[in-house]
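Structure below is coords.cif: mmCIF, C-alpha atoms.
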```
data_data
loop_
_atom_site.label_atom_id
_atom_site.label_comp_id
_atom_site.auth_asym_id
_atom_site.auth_seq_id
_atom_site.Cartn_x
_atom_site.Cartn_y
_atom_site.Cartn_z
CA MET R 1 -18.97 17.40 -7.26
CA ARG R 2 -22.05 15.28 -6.60
CA PRO R 3 -22.03 13.08 -3.44
CA GLY R 4 -22.52 9.91 -5.50
CA ARG R 5 -19.51 10.84 -7.61
CA VAL R 6 -17.31 11.20 -4.51
CA PHE R 7 -18.39 7.74 -3.32
CA SER R 8 -17.68 6.14 -6.68
CA MET R 9 -14.25 7.79 -6.84
CA THR R 10 -13.47 6.53 -3.33
CA ALA R 11 -14.60 3.04 -4.25
CA ALA R 12 -12.46 3.16 -7.38
CA CYS R 13 -9.45 4.06 -5.23
CA ALA R 14 -10.10 1.13 -2.86
CA VAL R 15 -8.08 -1.29 -4.98
CA VAL R 16 -5.75 0.06 -7.62
CA VAL R 17 -3.85 -2.24 -9.91
CA PHE R 18 -0.92 -0.71 -11.70
CA SER R 19 2.16 -1.78 -13.58
CA VAL R 20 5.29 -3.14 -11.96
CA LEU R 21 7.22 -3.14 -8.71
CA SER R 22 10.71 -4.51 -8.50
CA ALA R 23 11.17 -6.91 -5.60
CA THR R 24 14.57 -5.38 -4.91
CA GLY R 25 13.66 -1.69 -4.91
CA CYS R 26 12.60 -1.51 -1.28
CA GLY R 27 15.55 0.17 0.38
CA ASP R 28 17.41 -1.42 3.24
CA LYS R 29 14.44 -2.99 5.04
CA ALA R 30 14.93 -6.60 6.07
CA VAL R 31 12.93 -9.19 4.14
CA LYS R 32 11.05 -11.46 6.55
CA ALA R 33 11.04 -14.83 4.81
CA GLU R 34 12.86 -18.10 4.70
CA PRO R 35 15.98 -17.95 2.52
CA SER R 36 14.70 -20.75 0.26
CA GLY R 37 12.09 -18.45 -1.28
CA SER R 38 9.36 -21.01 -0.66
CA GLN R 39 7.38 -18.63 1.57
CA PRO R 40 5.77 -15.35 0.55
CA ARG R 41 7.96 -12.42 1.53
CA ALA R 42 6.93 -9.37 3.52
CA ILE R 43 8.58 -6.03 4.20
CA GLU R 44 6.70 -4.16 6.91
CA ASN R 45 6.50 -0.56 8.13
CA VAL R 46 8.21 1.16 5.22
CA ASN R 47 7.86 4.96 5.37
CA TYR R 48 6.49 6.37 2.13
CA VAL R 49 6.78 10.06 3.10
CA ASP R 50 10.32 11.38 3.51
CA GLY R 51 11.01 12.71 6.98
CA ASP R 52 7.81 11.33 8.54
CA LYS R 53 8.30 8.24 10.72
CA THR R 54 4.70 8.06 12.00
CA ALA R 55 2.57 4.95 11.52
CA ALA R 56 0.13 7.02 9.46
CA HIS R 57 2.66 7.16 6.62
CA GLN R 58 3.77 3.52 6.55
CA LEU R 59 3.12 0.67 4.17
CA ASP R 60 3.71 -3.06 4.04
CA LEU R 61 4.93 -4.92 0.95
CA TYR R 62 4.02 -8.54 0.21
CA PHE R 63 5.63 -10.59 -2.56
CA PRO R 64 4.70 -14.04 -3.90
CA ALA R 65 7.05 -16.94 -3.25
CA ASP R 66 9.68 -17.92 -5.82
CA LYS R 67 9.43 -14.77 -7.92
CA GLY R 68 13.01 -13.62 -7.30
CA LYS R 69 13.84 -10.24 -8.77
CA ASP R 70 11.20 -10.34 -11.49
CA ALA R 71 8.93 -7.32 -11.96
CA LEU R 72 5.42 -7.99 -10.68
CA PRO R 73 1.96 -6.49 -11.12
CA VAL R 74 0.93 -4.65 -7.95
CA VAL R 75 -2.35 -4.37 -6.07
CA LEU R 76 -2.67 -1.40 -3.74
CA TRP R 77 -4.76 -2.33 -0.66
CA ILE R 78 -6.43 0.66 1.00
CA HIS R 79 -8.13 -0.45 4.20
CA GLY R 80 -11.71 0.48 4.98
CA GLY R 81 -12.88 2.60 7.87
CA ALA R 82 -14.50 5.64 6.28
CA TRP R 83 -11.21 7.55 6.59
CA VAL R 84 -11.64 7.67 10.42
CA GLY R 85 -10.39 4.24 11.53
CA GLY R 86 -8.70 1.03 10.54
CA ASP R 87 -5.18 -0.18 9.87
CA LYS R 88 -3.12 -1.64 7.03
CA GLN R 89 -3.05 -5.01 8.78
CA PRO R 90 -4.55 -7.46 8.25
CA ALA R 91 -4.61 -7.20 4.48
CA PRO R 92 -6.38 -9.87 2.39
CA ILE R 93 -3.25 -10.93 0.53
CA THR R 94 -3.44 -14.72 0.34
CA SER R 95 -5.34 -15.08 -2.93
CA LEU R 96 -3.58 -12.08 -4.49
CA ILE R 97 -0.02 -13.26 -3.87
CA SER R 98 -0.91 -16.84 -4.81
CA SER R 99 -2.09 -15.39 -8.14
CA GLY R 100 1.31 -13.73 -8.69
CA TYR R 101 0.56 -10.18 -7.56
CA ALA R 102 2.65 -8.10 -5.20
CA VAL R 103 0.50 -6.30 -2.61
CA VAL R 104 1.09 -2.91 -1.03
CA SER R 105 -1.00 -2.30 2.09
CA LEU R 106 -0.94 1.24 3.41
CA ASN R 107 -1.91 3.41 6.32
CA TYR R 108 -3.10 6.97 5.83
CA ARG R 109 -3.82 9.93 8.08
CA LEU R 110 -7.18 9.53 9.82
CA ALA R 111 -10.02 12.01 10.31
CA PRO R 112 -11.05 14.03 12.26
CA ASN R 113 -7.46 15.08 13.02
CA HIS R 114 -6.75 15.28 9.29
CA THR R 115 -9.59 16.52 7.12
CA PHE R 116 -10.50 15.12 3.74
CA PRO R 117 -8.81 15.09 1.15
CA ALA R 118 -5.62 14.43 3.20
CA GLN R 119 -6.36 10.70 2.97
CA ILE R 120 -6.54 10.81 -0.83
CA HIS R 121 -3.25 12.73 -0.90
CA ASP R 122 -1.67 9.94 1.16
CA CYS R 123 -3.00 7.28 -1.23
CA LYS R 124 -1.59 9.20 -4.19
CA SER R 125 1.75 9.49 -2.36
CA VAL R 126 1.88 5.70 -2.11
CA VAL R 127 1.25 5.33 -5.84
CA ARG R 128 4.11 7.75 -6.52
CA TRP R 129 6.34 5.88 -4.04
CA VAL R 130 5.64 2.51 -5.68
CA ARG R 131 6.34 3.86 -9.16
CA LYS R 132 9.59 5.40 -7.95
CA ASN R 133 10.78 2.34 -6.02
#
```

In structure tokens, what does this structure look like?
Amino acid sequence: MRPGRVFSMTAACAVVVFSVLSATGCGDKAVKAEPSGSQPRAIENVNYVDGDKTAAHQLDLYFPADKGKDALPVVLWIHGGAWVGGDKQPAPITSLISSGYAVVSLNYRLAPNHTFPAQIHDCKSVVRWVRKN
């Protein structure tokens, strides 16, 4: 594969918009919001790999205010850092959730401890997790 092609594929994976996420399909994590529903809701540090409780395999979910249990379009936020640094927080969610999108911000395993394409595998795992949940 040509180097330019790898870059363009990575850039294409930076923000992925895909179908729907149910606001109630997030397991037993506590929702951190006011009961009135007037504030955006967040569920933080959800493990997306079974049996792995490390921060490298965690994601945060952000939902717009007053959407209830409706299905929402989802934006997957993959932080920058050239696969060697960075964190899922802070995610630029304000304009996305005000536009009616749910946002999933994820961490992935970092290089050099985990060689490429481990990071892409983690991103694909999140997509599978969102579709399942």

key: Contacts of R:Ser98 at 7 Å (only C-alpha atoms; same-chain gap of 3+ positions) as a ChimeraX atom specification   = /R:64,94-95

message = I need the residue nearest R:Trp83 from this list: R:Val104, R:Val46, R:Leu96, R:Ala56. Use all atoms listed in the file for the distance.
response = R:Ala56

Which residues of stretch 25-109 of chain R come within 9 Å of stretch 124-131 of chain R, and for each one, what is the closest pair of atoms and their distance in Å to one decimal, counting all atoms listed in the file, sorted by chain and residue number, as a tab-separated table?
```
residue	atom	partner	partner_atom	distance
R:Tyr48	CA	R:Trp129	CA	6.2
R:Val49	CA	R:Ser125	CA	7.4
R:His57	CA	R:Val126	CA	8.9
R:Leu59	CA	R:Val126	CA	8.1
R:Val74	CA	R:Val130	CA	8.9
R:Leu76	CA	R:Val127	CA	8.1
R:Val104	CA	R:Val130	CA	8.5
R:Leu106	CA	R:Val126	CA	7.6
```

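When only C-alpha atoms are used to measure the gap to R:Ala91, the shortest distance among R:Glu44, R:Asp70, R:Asp122, R:Asp52 belongs to R:Glu44.
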
Atom CA of R:Phe63 to atom CA of R:Ala82, straight-line distance in Å =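 Calculated distance between atom CA of R:Ala82 and atom CA of R:Phe63 is 27.3 Å.
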
query = Separation of atom CA of R:Pro40 and atom CA of R:Ala65, in Å?
reply = 4.3 Å

key: Minimum-distance residue to R:Gly86, chosen among R:His114, R:His121, R:Arg109, R:Lys53 (using only C-alpha atoms)   = R:Arg109

Final N, CA, C and O atoms of stretch 60-77 of chain R as a short mmCIF file (atom, residue, chain, number, x, y, z; two decimals), in the coordinates of the input:
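Everything below was put into selection.cif:
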```
data_model
loop_
_atom_site.label_atom_id
_atom_site.label_comp_id
_atom_site.auth_asym_id
_atom_site.auth_seq_id
_atom_site.Cartn_x
_atom_site.Cartn_y
_atom_site.Cartn_z
N ASP R 60 3.15 -1.72 4.01
CA ASP R 60 3.71 -3.06 4.04
C ASP R 60 3.73 -3.59 2.61
O ASP R 60 2.80 -3.33 1.83
N LEU R 61 4.79 -4.32 2.27
CA LEU R 61 4.93 -4.92 0.95
C LEU R 61 4.88 -6.44 1.08
O LEU R 61 5.54 -7.00 1.97
N TYR R 62 4.13 -7.08 0.22
CA TYR R 62 4.02 -8.54 0.21
C TYR R 62 4.33 -9.03 -1.20
O TYR R 62 3.77 -8.53 -2.17
N PHE R 63 5.22 -10.03 -1.28
CA PHE R 63 5.63 -10.59 -2.56
C PHE R 63 5.32 -12.07 -2.60
O PHE R 63 5.50 -12.76 -1.60
N PRO R 64 4.93 -12.60 -3.77
CA PRO R 64 4.70 -14.04 -3.90
C PRO R 64 6.01 -14.81 -3.73
O PRO R 64 7.10 -14.28 -3.96
N ALA R 65 5.88 -16.08 -3.38
CA ALA R 65 7.05 -16.94 -3.25
C ALA R 65 7.66 -17.23 -4.62
O ALA R 65 6.96 -17.23 -5.63
N ASP R 66 8.95 -17.45 -4.63
CA ASP R 66 9.68 -17.92 -5.82
C ASP R 66 9.59 -16.99 -7.02
O ASP R 66 9.62 -17.44 -8.15
N LYS R 67 9.45 -15.70 -6.80
CA LYS R 67 9.43 -14.77 -7.92
C LYS R 67 10.78 -14.08 -8.13
O LYS R 67 11.00 -13.44 -9.12
N GLY R 68 11.68 -14.19 -7.16
CA GLY R 68 13.01 -13.62 -7.30
C GLY R 68 12.97 -12.12 -7.51
O GLY R 68 12.25 -11.41 -6.83
N LYS R 69 13.73 -11.67 -8.51
CA LYS R 69 13.84 -10.24 -8.77
C LYS R 69 12.98 -9.81 -9.95
O LYS R 69 13.15 -8.73 -10.49
N ASP R 70 12.06 -10.67 -10.36
CA ASP R 70 11.20 -10.34 -11.49
C ASP R 70 10.27 -9.19 -11.14
O ASP R 70 9.83 -9.04 -10.01
N ALA R 71 9.92 -8.37 -12.14
CA ALA R 71 8.93 -7.32 -11.96
C ALA R 71 7.56 -7.97 -11.84
O ALA R 71 7.27 -8.97 -12.48
N LEU R 72 6.73 -7.41 -10.96
CA LEU R 72 5.42 -7.99 -10.68
C LEU R 72 4.32 -6.96 -10.84
O LEU R 72 4.53 -5.78 -10.59
N PRO R 73 3.10 -7.40 -11.21
CA PRO R 73 1.96 -6.49 -11.12
C PRO R 73 1.65 -6.25 -9.64
O PRO R 73 1.89 -7.12 -8.80
N VAL R 74 1.14 -5.06 -9.34
CA VAL R 74 0.93 -4.65 -7.95
C VAL R 74 -0.53 -4.33 -7.70
O VAL R 74 -1.18 -3.68 -8.51
N VAL R 75 -1.03 -4.77 -6.54
CA VAL R 75 -2.35 -4.37 -6.07
C VAL R 75 -2.14 -3.49 -4.85
O VAL R 75 -1.41 -3.86 -3.92
N LEU R 76 -2.74 -2.32 -4.85
CA LEU R 76 -2.67 -1.40 -3.74
C LEU R 76 -3.89 -1.63 -2.86
O LEU R 76 -5.02 -1.46 -3.31
N TRP R 77 -3.68 -2.07 -1.60
CA TRP R 77 -4.76 -2.33 -0.66
C TRP R 77 -4.93 -1.12 0.24
O TRP R 77 -4.04 -0.78 1.01
#
```
